>>> print(open('target.pdb').read())   # PDB, C-alpha atoms, pLDDT in the B column
ATOM      1  CA  ASN C 131     212.436 214.024 102.373  1.00 56.00           C
ATOM      2  CA  GLU C 132     212.187 211.051 100.031  1.00 57.00           C
ATOM      3  CA  ALA C 133     210.445 208.749 102.516  1.00 72.00           C
ATOM      4  CA  VAL C 134     207.697 211.289 103.195  1.00 75.00           C
ATOM      5  CA  GLU C 135     207.196 211.853  99.459  1.00 63.00           C
ATOM      6  CA  GLN C 136     206.824 208.117  98.837  1.00 70.00           C
ATOM      7  CA  VAL C 137     204.228 207.786 101.594  1.00 79.00           C
ATOM      8  CA  ALA C 138     202.324 210.820 100.273  1.00 72.00           C
ATOM      9  CA  PHE C 139     202.261 209.351  96.747  1.00 65.00           C
ATOM     10  CA  ALA C 140     201.232 205.825  97.738  1.00 74.00           C
ATOM     11  CA  ASP C 141     197.875 204.115  97.241  1.00 77.00           C
ATOM     12  CA  ARG C 142     199.065 200.983  99.079  1.00 86.00           C
ATOM     13  CA  ILE C 143     201.708 200.860 101.829  1.00 90.00           C
ATOM     14  CA  LEU C 144     203.525 197.696 102.926  1.00 92.00           C
ATOM     15  CA  LEU C 145     204.567 197.796 106.558  1.00 93.00           C
ATOM     16  CA  ASN C 146     207.257 195.139 106.454  1.00 92.00           C
ATOM     17  CA  LYS C 147     209.090 193.123 109.156  1.00 92.00           C
ATOM     18  CA  THR C 148     206.154 193.485 111.523  1.00 92.00           C
ATOM     19  CA  ASP C 149     207.207 190.218 113.171  1.00 92.00           C
ATOM     20  CA  LEU C 150     210.212 191.993 114.681  1.00 92.00           C
ATOM     21  CA  VAL C 151     208.260 194.517 116.763  1.00 92.00           C
ATOM     22  CA  ASP C 152     205.429 194.481 119.271  1.00 91.00           C
ATOM     23  CA  GLU C 153     201.870 195.582 118.545  1.00 90.00           C
ATOM     24  CA  ALA C 154     202.418 198.577 120.814  1.00 92.00           C
ATOM     25  CA  GLU C 155     205.106 199.832 118.425  1.00 93.00           C
ATOM     26  CA  LEU C 156     203.111 199.236 115.245  1.00 94.00           C
ATOM     27  CA  ALA C 157     200.093 201.352 116.139  1.00 92.00           C
ATOM     28  CA  PRO C 158     202.013 204.673 116.432  1.00 93.00           C
ATOM     29  CA  ILE C 159     203.809 203.963 113.142  1.00 93.00           C
ATOM     30  CA  GLU C 160     200.525 203.371 111.350  1.00 93.00           C
ATOM     31  CA  ALA C 161     199.063 206.504 112.920  1.00 92.00           C
ATOM     32  CA  ARG C 162     201.987 208.573 111.636  1.00 90.00           C
ATOM     33  CA  ILE C 163     201.562 207.113 108.144  1.00 89.00           C
ATOM     34  CA  LYS C 164     197.867 207.986 108.223  1.00 87.00           C
ATOM     35  CA  LYS C 165     198.696 211.570 109.110  1.00 84.00           C
ATOM     36  CA  ILE C 166     200.769 211.862 105.948  1.00 82.00           C
ATOM     37  CA  ASN C 167     198.395 209.912 103.707  1.00 78.00           C
ATOM     38  CA  PRO C 168     194.958 209.209 105.230  1.00 81.00           C
ATOM     39  CA  SER C 169     193.583 207.405 102.161  1.00 75.00           C
ATOM     40  CA  ALA C 170     196.317 204.792 101.626  1.00 82.00           C
ATOM     41  CA  GLU C 171     195.604 201.221 102.724  1.00 88.00           C
ATOM     42  CA  ILE C 172     198.301 199.709 104.967  1.00 92.00           C
ATOM     43  CA  PHE C 173     199.272 196.034 104.768  1.00 93.00           C
ATOM     44  CA  ARG C 174     201.312 194.477 107.560  1.00 94.00           C
ATOM     45  CA  CYS C 175     203.677 191.838 106.236  1.00 92.00           C
ATOM     46  CA  GLN C 176     206.838 189.811 106.740  1.00 91.00           C
ATOM     47  CA  GLN C 177     209.462 189.511 104.003  1.00 87.00           C
ATOM     48  CA  SER C 178     207.162 191.694 101.869  1.00 86.00           C
ATOM     49  CA  ASN C 179     204.758 188.769 101.487  1.00 89.00           C
ATOM     50  CA  VAL C 180     201.414 190.224 100.377  1.00 88.00           C
ATOM     51  CA  ASP C 181     198.565 188.781  98.318  1.00 88.00           C
ATOM     52  CA  PRO C 182     199.177 190.141  94.778  1.00 83.00           C
ATOM     53  CA  THR C 183     195.461 190.794  94.318  1.00 80.00           C
ATOM     54  CA  ASN C 184     195.830 193.599  96.870  1.00 78.00           C
ATOM     55  CA  LEU C 185     198.443 195.314  94.704  1.00 77.00           C
ATOM     56  CA  ILE C 186     197.726 194.561  91.029  1.00 71.00           C
ATOM     57  CA  GLY C 187     194.823 195.825  88.967  1.00 61.00           C
ATOM     58  CA  ILE C 188     193.409 197.888  91.816  1.00 58.00           C
ATOM     59  CA  LYS C 189     192.706 200.943  89.597  1.00 53.00           C
ATOM     60  CA  ALA C 190     193.784 203.164  92.462  1.00 55.00           C
ATOM     61  CA  PHE C 191     193.933 206.244  90.254  1.00 46.00           C
ATOM     62  CA  SER C 192     190.376 205.811  89.031  1.00 45.00           C
ATOM     63  CA  LEU C 193     187.635 208.431  89.199  1.00 41.00           C
ATOM     64  CA  ASP C 194     185.178 205.637  89.945  1.00 45.00           C
ATOM     65  CA  LYS C 195     186.331 205.764  93.566  1.00 43.00           C
ATOM     66  CA  THR C 196     185.000 209.289  93.975  1.00 43.00           C
ATOM     67  CA  LEU C 197     181.461 209.120  92.638  1.00 38.00           C
ATOM     68  CA  GLU C 198     180.004 210.703  95.736  1.00 39.00           C
ATOM     69  CA  MET C 199     180.727 214.063  97.349  1.00 35.00           C
ATOM     70  CA  ASP C 200     182.424 212.325 100.255  1.00 42.00           C
ATOM     71  CA  PRO C 201     183.756 214.696 102.930  1.00 48.00           C
ATOM     72  CA  GLU C 202     186.585 212.260 103.609  1.00 52.00           C
ATOM     73  CA  PHE C 203     187.767 212.679 100.018  1.00 51.00           C
ATOM     74  CA  LEU C 204     188.838 216.216 100.841  1.00 53.00           C
ATOM     75  CA  ASP C 205     189.636 215.683 104.495  1.00 56.00           C
ATOM     76  CA  THR C 206     192.961 217.259 105.425  1.00 50.00           C
ATOM     77  CA  GLU C 207     192.844 216.634 109.164  1.00 50.00           C
ATOM     78  CA  GLY C 208     196.303 215.811 110.386  1.00 49.00           C
ATOM     79  CA  GLU C 209     197.949 215.925 106.953  1.00 46.00           C
ATOM     80  CA  HIS C 210     200.272 218.738 108.021  1.00 46.00           C
ATOM     81  CA  GLU C 211     201.558 217.089 111.193  1.00 49.00           C
ATOM     82  CA  HIS C 212     204.708 215.480 109.769  1.00 52.00           C
ATOM     83  CA  ASP C 213     207.693 216.763 107.788  1.00 62.00           C
ATOM     84  CA  PRO C 214     207.558 220.557 108.364  1.00 70.00           C
ATOM     85  CA  THR C 215     208.267 221.223 104.675  1.00 75.00           C
ATOM     86  CA  VAL C 216     205.185 219.199 103.681  1.00 79.00           C
ATOM     87  CA  SER C 217     201.792 220.824 104.088  1.00 79.00           C
ATOM     88  CA  SER C 218     198.297 220.848 102.692  1.00 81.00           C
ATOM     89  CA  THR C 219     195.929 223.612 101.729  1.00 85.00           C
ATOM     90  CA  SER C 220     192.250 223.372 100.910  1.00 86.00           C
ATOM     91  CA  THR C 221     189.324 225.613 100.178  1.00 87.00           C
ATOM     92  CA  LYS C 222     185.757 225.579  98.943  1.00 89.00           C
ATOM     93  CA  PHE C 223     183.197 227.998  97.617  1.00 92.00           C
ATOM     94  CA  GLU C 224     179.529 227.807  96.763  1.00 94.00           C
ATOM     95  CA  GLY C 225     178.774 228.242  93.083  1.00 95.00           C
ATOM     96  CA  TYR C 226     180.179 227.100  89.788  1.00 96.00           C
ATOM     97  CA  LEU C 227     183.509 226.596  88.074  1.00 94.00           C
ATOM     98  CA  ASN C 228     184.559 226.743  84.419  1.00 94.00           C
ATOM     99  CA  THR C 229     186.532 223.639  83.391  1.00 90.00           C
ATOM    100  CA  SER C 230     188.404 225.467  80.614  1.00 93.00           C
ATOM    101  CA  LYS C 231     189.756 227.875  83.199  1.00 94.00           C
ATOM    102  CA  LEU C 232     190.571 224.931  85.476  1.00 90.00           C
ATOM    103  CA  ASP C 233     192.517 223.112  82.731  1.00 89.00           C
ATOM    104  CA  LYS C 234     194.555 226.221  81.974  1.00 92.00           C
ATOM    105  CA  TRP C 235     195.270 226.841  85.661  1.00 92.00           C
ATOM    106  CA  ILE C 236     196.225 223.231  86.396  1.00 89.00           C
ATOM    107  CA  THR C 237     198.613 223.300  83.415  1.00 89.00           C
ATOM    108  CA  GLU C 238     200.238 226.445  84.795  1.00 91.00           C
ATOM    109  CA  ILE C 239     200.727 225.115  88.323  1.00 90.00           C
ATOM    110  CA  ILE C 240     202.072 221.788  87.051  1.00 87.00           C
ATOM    111  CA  GLN C 241     204.681 223.750  85.114  1.00 87.00           C
ATOM    112  CA  THR C 242     205.571 226.020  88.028  1.00 87.00           C
ATOM    113  CA  MET C 243     204.975 223.788  91.079  1.00 85.00           C
ATOM    114  CA  GLY C 244     204.937 220.262  89.664  1.00 80.00           C
ATOM    115  CA  ALA C 245     208.130 219.127  91.373  1.00 81.00           C
ATOM    116  CA  ASN C 246     206.659 220.031  94.766  1.00 85.00           C
ATOM    117  CA  LEU C 247     203.136 218.665  94.255  1.00 85.00           C
ATOM    118  CA  PHE C 248     202.419 215.299  95.869  1.00 83.00           C
ATOM    119  CA  ARG C 249     198.642 215.021  95.511  1.00 82.00           C
ATOM    120  CA  TYR C 250     195.767 217.266  94.553  1.00 86.00           C
ATOM    121  CA  LYS C 251     192.090 216.481  94.275  1.00 86.00           C
ATOM    122  CA  GLY C 252     188.734 218.147  94.108  1.00 88.00           C
ATOM    123  CA  VAL C 253     184.991 217.819  93.546  1.00 91.00           C
ATOM    124  CA  LEU C 254     183.468 220.584  91.456  1.00 93.00           C
ATOM    125  CA  ALA C 255     180.124 221.983  90.351  1.00 95.00           C
ATOM    126  CA  VAL C 256     180.451 222.862  86.665  1.00 94.00           C
ATOM    127  CA  ALA C 257     178.057 225.409  85.212  1.00 91.00           C
ATOM    128  CA  GLY C 258     175.482 223.809  82.948  1.00 89.00           C
ATOM    129  CA  MET C 259     176.148 220.257  84.140  1.00 93.00           C
ATOM    130  CA  ASP C 260     174.211 218.143  86.637  1.00 93.00           C
ATOM    131  CA  GLN C 261     177.075 215.648  87.040  1.00 93.00           C
ATOM    132  CA  LYS C 262     179.806 216.230  89.579  1.00 92.00           C
ATOM    133  CA  PHE C 263     183.271 216.825  88.160  1.00 92.00           C
ATOM    134  CA  VAL C 264     186.116 215.084  89.975  1.00 88.00           C
ATOM    135  CA  PHE C 265     189.794 215.816  89.432  1.00 85.00           C
ATOM    136  CA  GLN C 266     192.878 214.394  91.043  1.00 82.00           C
ATOM    137  CA  GLY C 267     196.557 214.352  90.327  1.00 83.00           C
ATOM    138  CA  VAL C 268     199.893 213.019  91.491  1.00 78.00           C
ATOM    139  CA  GLY C 269     202.906 215.176  90.758  1.00 79.00           C
ATOM    140  CA  MET C 270     202.672 216.181  87.106  1.00 79.00           C
ATOM    141  CA  LEU C 271     199.995 213.583  86.242  1.00 79.00           C
ATOM    142  CA  PHE C 272     196.478 215.001  86.149  1.00 81.00           C
ATOM    143  CA  SER C 273     193.099 213.402  85.479  1.00 81.00           C
ATOM    144  CA  GLY C 274     189.624 214.839  85.630  1.00 83.00           C
ATOM    145  CA  GLY C 275     186.139 214.172  84.331  1.00 86.00           C
ATOM    146  CA  PHE C 276     182.427 214.007  85.005  1.00 87.00           C
ATOM    147  CA  THR C 277     181.174 211.119  87.106  1.00 83.00           C
ATOM    148  CA  GLY C 278     177.885 209.261  87.215  1.00 81.00           C
ATOM    149  CA  SER C 279     177.040 211.049  90.445  1.00 86.00           C
ATOM    150  CA  LYS C 280     174.668 214.004  90.051  1.00 90.00           C
ATOM    151  CA  TRP C 281     173.904 216.946  92.266  1.00 92.00           C
ATOM    152  CA  ALA C 282     170.702 216.177  94.111  1.00 91.00           C
ATOM    153  CA  PRO C 283     167.726 218.553  93.895  1.00 91.00           C
ATOM    154  CA  GLY C 284     168.236 221.233  96.514  1.00 91.00           C
ATOM    155  CA  GLU C 285     171.852 220.200  97.173  1.00 92.00           C
ATOM    156  CA  THR C 286     174.200 223.146  97.515  1.00 94.00           C
ATOM    157  CA  ARG C 287     176.488 223.245  94.524  1.00 95.00           C
ATOM    158  CA  GLU C 288     180.016 223.928  95.613  1.00 94.00           C
ATOM    159  CA  CYS C 289     183.603 223.464  94.530  1.00 94.00           C
ATOM    160  CA  ARG C 290     186.290 222.000  96.807  1.00 91.00           C
ATOM    161  CA  PHE C 291     189.935 221.195  96.407  1.00 89.00           C
ATOM    162  CA  VAL C 292     192.941 220.125  98.465  1.00 88.00           C
ATOM    163  CA  PHE C 293     196.622 220.252  97.535  1.00 89.00           C
ATOM    164  CA  ILE C 294     199.342 218.336  99.386  1.00 86.00           C
ATOM    165  CA  GLY C 295     202.980 219.083  98.711  1.00 87.00           C
ATOM    166  CA  LYS C 296     206.268 220.607  99.724  1.00 86.00           C
ATOM    167  CA  HIS C 297     206.893 224.344 100.095  1.00 86.00           C
ATOM    168  CA  LEU C 298     203.413 225.125  98.745  1.00 86.00           C
ATOM    169  CA  ASP C 299     202.575 228.684  97.759  1.00 89.00           C
ATOM    170  CA  LYS C 300     199.193 228.522  99.456  1.00 88.00           C
ATOM    171  CA  ASP C 301     198.133 232.067  98.569  1.00 91.00           C
ATOM    172  CA  ALA C 302     198.820 231.444  94.877  1.00 91.00           C
ATOM    173  CA  LEU C 303     196.851 228.177  94.940  1.00 91.00           C
ATOM    174  CA  LEU C 304     193.855 229.757  96.662  1.00 91.00           C
ATOM    175  CA  ALA C 305     193.862 232.761  94.319  1.00 93.00           C
ATOM    176  CA  GLY C 306     194.245 230.614  91.215  1.00 93.00           C
ATOM    177  CA  PHE C 307     191.379 228.323  92.142  1.00 92.00           C
ATOM    178  CA  ASP C 308     189.152 231.307  92.889  1.00 93.00           C
ATOM    179  CA  LYS C 309     189.802 232.709  89.392  1.00 94.00           C
ATOM    180  CA  CYS C 310     188.230 229.556  87.908  1.00 94.00           C
ATOM    181  CA  ARG C 311     184.814 230.621  89.211  1.00 94.00           C
ATOM    182  CA  CYS C 312     182.054 231.542  86.791  1.00 94.00           C
ATOM    183  CA  ASP C 313     178.478 232.819  86.851  1.00 92.00           C
ATOM    184  CA  LEU C 314     175.454 231.169  85.275  1.00 93.00           C
ATOM    185  CA  GLU C 315     174.430 234.557  83.884  1.00 95.00           C
ATOM    186  CA  THR C 316     176.046 235.039  80.466  1.00 97.00           C
ATOM    187  CA  ARG C 317     176.697 238.166  78.401  1.00 97.00           C
ATOM    188  CA  PHE C 318     174.838 236.807  75.373  1.00 98.00           C
ATOM    189  CA  LYS C 319     171.644 234.809  74.838  1.00 97.00           C
ATOM    190  CA  PRO C 320     170.498 232.400  72.100  1.00 98.00           C
ATOM    191  CA  GLY C 321     170.005 234.257  68.824  1.00 98.00           C
ATOM    192  CA  ASP C 322     172.592 236.946  69.511  1.00 98.00           C
ATOM    193  CA  LYS C 323     175.107 237.660  66.750  1.00 98.00           C
ATOM    194  CA  VAL C 324     178.703 237.427  67.948  1.00 98.00           C
ATOM    195  CA  LEU C 325     182.296 237.111  66.789  1.00 97.00           C
ATOM    196  CA  ALA C 326     183.978 233.887  67.898  1.00 97.00           C
ATOM    197  CA  LYS C 327     187.734 233.380  68.240  1.00 96.00           C
ATOM    198  CA  VAL C 328     188.283 230.427  65.897  1.00 95.00           C
ATOM    199  CA  GLY C 329     191.507 231.388  64.122  1.00 93.00           C
ATOM    200  CA  LYS C 330     189.964 232.657  60.896  1.00 91.00           C
ATOM    201  CA  GLY C 331     188.521 235.977  59.841  1.00 86.00           C
ATOM    202  CA  ALA C 332     189.708 239.398  60.963  1.00 83.00           C
ATOM    203  CA  ASP C 333     192.058 239.040  63.932  1.00 91.00           C
ATOM    204  CA  GLY C 334     191.025 235.388  64.219  1.00 95.00           C
ATOM    205  CA  PHE C 335     187.357 236.203  64.924  1.00 97.00           C
ATOM    206  CA  PHE C 336     184.541 234.895  62.718  1.00 97.00           C
ATOM    207  CA  PRO C 337     180.834 235.834  62.691  1.00 97.00           C
ATOM    208  CA  GLY C 338     178.450 233.457  64.408  1.00 97.00           C
ATOM    209  CA  VAL C 339     175.124 233.132  66.196  1.00 98.00           C
ATOM    210  CA  ILE C 340     174.599 231.855  69.727  1.00 98.00           C
ATOM    211  CA  LEU C 341     172.631 228.598  69.565  1.00 98.00           C
ATOM    212  CA  LYS C 342     172.686 227.641  73.232  1.00 97.00           C
ATOM    213  CA  VAL C 343     174.119 228.786  76.550  1.00 97.00           C
ATOM    214  CA  TRP C 344     175.858 226.355  78.920  1.00 95.00           C
ATOM    215  CA  ASP C 345     176.291 223.447  76.583  1.00 94.00           C
ATOM    216  CA  GLU C 346     178.266 220.587  78.150  1.00 91.00           C
ATOM    217  CA  GLY C 347     180.041 222.950  80.518  1.00 92.00           C
ATOM    218  CA  ASN C 348     180.779 225.619  77.907  1.00 95.00           C
ATOM    219  CA  PRO C 349     179.138 229.064  78.144  1.00 97.00           C
ATOM    220  CA  TYR C 350     178.168 229.047  74.466  1.00 98.00           C
ATOM    221  CA  ARG C 351     177.446 226.803  71.508  1.00 97.00           C
ATOM    222  CA  ILE C 352     177.930 228.982  68.432  1.00 98.00           C
ATOM    223  CA  GLU C 353     176.935 228.410  64.815  1.00 98.00           C
ATOM    224  CA  LEU C 354     179.508 230.032  62.566  1.00 97.00           C
ATOM    225  CA  GLN C 355     178.172 231.872  59.537  1.00 96.00           C
ATOM    226  CA  ASP C 356     180.218 229.859  57.061  1.00 95.00           C
ATOM    227  CA  ASP C 357     178.985 227.575  54.291  1.00 95.00           C
ATOM    228  CA  GLU C 358     179.081 224.531  56.568  1.00 96.00           C
ATOM    229  CA  LYS C 359     177.297 226.272  59.463  1.00 96.00           C
ATOM    230  CA  THR C 360     180.051 224.903  61.684  1.00 97.00           C
ATOM    231  CA  ASN C 361     179.243 224.564  65.389  1.00 97.00           C
ATOM    232  CA  VAL C 362     181.896 225.566  67.919  1.00 97.00           C
ATOM    233  CA  TRP C 363     181.990 226.176  71.649  1.00 97.00           C
ATOM    234  CA  GLY C 364     182.819 229.412  73.342  1.00 97.00           C
ATOM    235  CA  PRO C 365     184.802 227.931  76.258  1.00 96.00           C
ATOM    236  CA  VAL C 366     184.955 231.035  78.470  1.00 96.00           C
ATOM    237  CA  ASP C 367     182.548 233.964  78.659  1.00 97.00           C
ATOM    238  CA  GLU C 368     185.200 236.605  78.005  1.00 96.00           C
ATOM    239  CA  ALA C 369     185.799 238.938  75.070  1.00 97.00           C
ATOM    240  CA  ILE C 370     189.061 237.229  74.127  1.00 96.00           C
ATOM    241  CA  TYR C 371     186.929 234.204  73.124  1.00 97.00           C
ATOM    242  CA  VAL C 372     183.510 235.639  72.215  1.00 98.00           C
ATOM    243  CA  LYS C 373     182.598 239.284  71.595  1.00 97.00           C
ATOM    244  CA  ALA C 374     179.683 241.271  70.228  1.00 97.00           C
ATOM    245  CA  ALA C 375     179.377 241.448  66.446  1.00 95.00           C
TER     246      ALA C 375
END
>>> encode(input="target.pdb", output="structure tokens")
Amino acid sequence: NEAVEQVAFADRILLNKTDLVDEAELAPIEARIKKINPSAEIFRCQQSNVDPTNLIGIKAFSLDKTLEMDPEFLDTEGEHEHDPTVSSTSTKFEGYLNTSKLDKWITEIIQTMGANLFRYKGVLAVAGMDQKFVFQGVGMLFSGGFTGSKWAPGETRECRFVFIGKHLDKDALLAGFDKCRCDLETRFKPGDKVLAKVGKGADGFFPGVILKVWDEGNPYRIELQDDEKTNVWGPVDEAIYVKAA
């Protein structure tokens, strides 16, 4: 229902007319709100009177808030104990994820599930990068990027996500996220001659040489064998992007 959706979306919640009820009545209401949206800050007020500094310029949808791999960031405890049509699903796996695959998958689910997505968020280990990658979205708005927080030496690199929404196809979400996995081991090594899918040449493939593996989250940096020696990335280690020459 609309009220549940608004609570799930919110970064700040105003609990108004609190002067008309007893403290004993307020606590259960706040607890129910927290079950729907554990991260939202609640402000008790009368006549909607709240300090504007608590509402304006708060940068609530900022990646700066998630610099650390905070277990509470992906905590889903209690999030399903409200409107029966609203639920959450989460998963994690040890290893690495390819951000090009993630972007493609997120685009697909926004197109197919966007109307039913309330919130989604995750902390990811991207192959070839020491920084943690954080993504989060609200409905059809998505943001993601590398943070200043790095994986510590010896820290298990893992990928986590949680989706909150209505009538979620949980199996499809879990399967889609799993398909974004990747291995550090690549098919080619620096110096190998390849054909890169760049939209020119036979069937869109052009000759090149692998310069580097895992460059800024991409499996390959490739030097094309053109006059300019153009450098391109091979975004996914699959033959539809990069194949043997």
>>> residues_near_point(input="target.pdb", point="(185.8, 230.5, 80.6)", cutoff="7 Å", atoms="all atoms listed in the file", output="list in words")
Asn228, Ser230, Lys231, Pro365, Val366, Asp367 and Glu368 of chain C
>>> write_last_selection(input="target.pdb", atoms="C-alpha atoms", output="PDB file, in the coordinates of the input")
ATOM      1  CA  ASN C 228     184.559 226.743  84.419  1.00 94.00           C
ATOM      2  CA  SER C 230     188.404 225.467  80.614  1.00 93.00           C
ATOM      3  CA  LYS C 231     189.756 227.875  83.199  1.00 94.00           C
ATOM      4  CA  PRO C 365     184.802 227.931  76.258  1.00 96.00           C
ATOM      5  CA  VAL C 366     184.955 231.035  78.470  1.00 96.00           C
ATOM      6  CA  ASP C 367     182.548 233.964  78.659  1.00 97.00           C
ATOM      7  CA  GLU C 368     185.200 236.605  78.005  1.00 96.00           C
TER       8      GLU C 368
END
>>> resolve_selection(input="target.pdb", expression="the PyMOL selection byres ((chain C and resi 224) around 12)", output="PyMOL selection string")
chain C and resi 221-223+225-227+253-257+285-290+308+311-313
>>> closest_residue(input="target.pdb", among="C:Gly274, C:Lys330, C:Lys147, C:Val137", to="Arg162 in chain C", atoms="all atoms listed in the file")
C:Val137
>>> atom_distance(input="target.pdb", atom1="CA of Leu271 in chain C", atom2="CA of Met259 in chain C")
24.9 Å
>>> closest_residue(input="target.pdb", among="C:Val339, C:Cys310, C:Val372, C:Ile352", to="Lys323 in chain C", atoms="only C-alpha atoms")
C:Val339
>>> atom_distance(input="target.pdb", atom1="CA of Lys373 in chain C", atom2="CA of Gln355 in chain C")
14.8 Å
>>> closest_residue(input="target.pdb", among="C:Phe272, C:Tyr350, C:Trp363, C:Trp281", to="Glu315 in chain C", atoms="all atoms listed in the file")
C:Tyr350
>>> residues_around(input="target.pdb", residues="Val216 in chain C", least_positions_apart="6", cutoff="8 Å", atoms="all atoms listed in the file", output="number ranges by chain")
C: 210, 294-298
>>> closest_residue(input="target.pdb", among="C:Asp149, C:Asn167, C:Asp141, C:Pro158", to="Asn184 in chain C", atoms="only C-alpha atoms")
C:Asp141
>>> residues_near_point(input="target.pdb", point="(193.3, 233.6, 88.0)", cutoff="12 Å", atoms="all atoms listed in the file", output="number ranges by chain")
C: 228, 231-236, 238-239, 301-312
>>> closest_residue(input="target.pdb", among="C:Gly267, C:Ala157, C:Leu144, C:Leu150", to="Ile240 in chain C", atoms="only C-alpha atoms")
C:Gly267
>>> atom_distance(input="target.pdb", atom1="CA of Asp299 in chain C", atom2="CA of Arg249 in chain C")
14.4 Å
>>> closest_residue(input="target.pdb", among="C:Asp356, C:Thr316, C:Gly244, C:Thr219", to="Gly331 in chain C", atoms="all atoms listed in the file")
C:Asp356
>>> resolve_selection(input="target.pdb", expression="the PyMOL selection byres ((chain C and resi 170) around 8)", output="PyMOL selection string")
chain C and resi 140-143+164+167-169+171-172
>>> residues_around(input="target.pdb", residues="Gly252 in chain C", least_positions_apart="4", cutoff="6 Å", atoms="all atoms listed in the file", output="VMD selection string")
chain C and resid 264 to 265 290 to 291
>>> resolve_selection(input="target.pdb", expression="the PyMOL selection byres ((chain C and resi 178) around 10)", output="list in words")
Leu144, Leu145, Asn146, Lys147, Thr148, Phe173, Arg174, Cys175, Gln176, Gln177, Asn179, Val180 and Asp181 of chain C
>>> decode(input="target.pdb", residues="range 250-263 of chain C", atoms="N, CA, C and O atoms", output="PDB file, in the first residue's frame")
ATOM      1  N   TYR C 250      17.353  -0.953  -2.931  1.00  0.00           N
ATOM      2  CA  TYR C 250      18.320  -2.024  -3.133  1.00  0.00           C
ATOM      3  C   TYR C 250      19.701  -1.445  -2.877  1.00  0.00           C
ATOM      4  O   TYR C 250      19.961  -0.270  -3.135  1.00  0.00           O
ATOM      5  N   LYS C 251      20.574  -2.266  -2.336  1.00  0.00           N
ATOM      6  CA  LYS C 251      21.880  -1.777  -1.918  1.00  0.00           C
ATOM      7  C   LYS C 251      22.843  -2.939  -1.807  1.00  0.00           C
ATOM      8  O   LYS C 251      22.443  -4.091  -1.631  1.00  0.00           O
ATOM      9  N   GLY C 252      24.118  -2.637  -1.932  1.00  0.00           N
ATOM     10  CA  GLY C 252      25.100  -3.698  -1.846  1.00  0.00           C
ATOM     11  C   GLY C 252      26.507  -3.167  -1.671  1.00  0.00           C
ATOM     12  O   GLY C 252      26.796  -2.007  -1.964  1.00  0.00           O
ATOM     13  N   VAL C 253      27.386  -4.015  -1.173  1.00  0.00           N
ATOM     14  CA  VAL C 253      28.817  -3.742  -1.061  1.00  0.00           C
ATOM     15  C   VAL C 253      29.534  -4.874  -1.779  1.00  0.00           C
ATOM     16  O   VAL C 253      29.288  -6.051  -1.493  1.00  0.00           O
ATOM     17  N   LEU C 254      30.412  -4.518  -2.723  1.00  0.00           N
ATOM     18  CA  LEU C 254      30.947  -5.509  -3.645  1.00  0.00           C
ATOM     19  C   LEU C 254      32.471  -5.478  -3.695  1.00  0.00           C
ATOM     20  O   LEU C 254      33.091  -4.423  -3.550  1.00  0.00           O
ATOM     21  N   ALA C 255      33.037  -6.658  -3.942  1.00  0.00           N
ATOM     22  CA  ALA C 255      34.467  -6.781  -4.234  1.00  0.00           C
ATOM     23  C   ALA C 255      34.601  -6.901  -5.748  1.00  0.00           C
ATOM     24  O   ALA C 255      34.107  -7.863  -6.344  1.00  0.00           O
ATOM     25  N   VAL C 256      35.228  -5.912  -6.363  1.00  0.00           N
ATOM     26  CA  VAL C 256      35.385  -5.891  -7.817  1.00  0.00           C
ATOM     27  C   VAL C 256      36.780  -6.389  -8.172  1.00  0.00           C
ATOM     28  O   VAL C 256      37.779  -5.930  -7.601  1.00  0.00           O
ATOM     29  N   ALA C 257      36.839  -7.311  -9.109  1.00  0.00           N
ATOM     30  CA  ALA C 257      38.125  -7.880  -9.510  1.00  0.00           C
ATOM     31  C   ALA C 257      39.070  -6.787  -9.989  1.00  0.00           C
ATOM     32  O   ALA C 257      38.690  -5.913 -10.764  1.00  0.00           O
ATOM     33  N   GLY C 258      40.299  -6.826  -9.492  1.00  0.00           N
ATOM     34  CA  GLY C 258      41.307  -5.870  -9.898  1.00  0.00           C
ATOM     35  C   GLY C 258      41.290  -4.559  -9.148  1.00  0.00           C
ATOM     36  O   GLY C 258      42.093  -3.672  -9.433  1.00  0.00           O
ATOM     37  N   MET C 259      40.396  -4.401  -8.187  1.00  0.00           N
ATOM     38  CA  MET C 259      40.283  -3.146  -7.446  1.00  0.00           C
ATOM     39  C   MET C 259      40.404  -3.405  -5.949  1.00  0.00           C
ATOM     40  O   MET C 259      39.814  -4.354  -5.426  1.00  0.00           O
ATOM     41  N   ASP C 260      41.160  -2.552  -5.255  1.00  0.00           N
ATOM     42  CA  ASP C 260      41.281  -2.670  -3.808  1.00  0.00           C
ATOM     43  C   ASP C 260      40.171  -1.917  -3.078  1.00  0.00           C
ATOM     44  O   ASP C 260      39.897  -2.187  -1.915  1.00  0.00           O
ATOM     45  N   GLN C 261      39.532  -0.951  -3.770  1.00  0.00           N
ATOM     46  CA  GLN C 261      38.447  -0.194  -3.154  1.00  0.00           C
ATOM     47  C   GLN C 261      37.147  -1.008  -3.161  1.00  0.00           C
ATOM     48  O   GLN C 261      36.893  -1.789  -4.084  1.00  0.00           O
ATOM     49  N   LYS C 262      36.347  -0.780  -2.149  1.00  0.00           N
ATOM     50  CA  LYS C 262      35.027  -1.400  -2.107  1.00  0.00           C
ATOM     51  C   LYS C 262      34.080  -0.627  -3.024  1.00  0.00           C
ATOM     52  O   LYS C 262      34.152   0.597  -3.115  1.00  0.00           O
ATOM     53  N   PHE C 263      33.218  -1.366  -3.695  1.00  0.00           N
ATOM     54  CA  PHE C 263      32.231  -0.766  -4.589  1.00  0.00           C
ATOM     55  C   PHE C 263      30.881  -0.816  -3.888  1.00  0.00           C
ATOM     56  O   PHE C 263      30.434  -1.878  -3.442  1.00  0.00           O
TER      57      PHE C 263
END
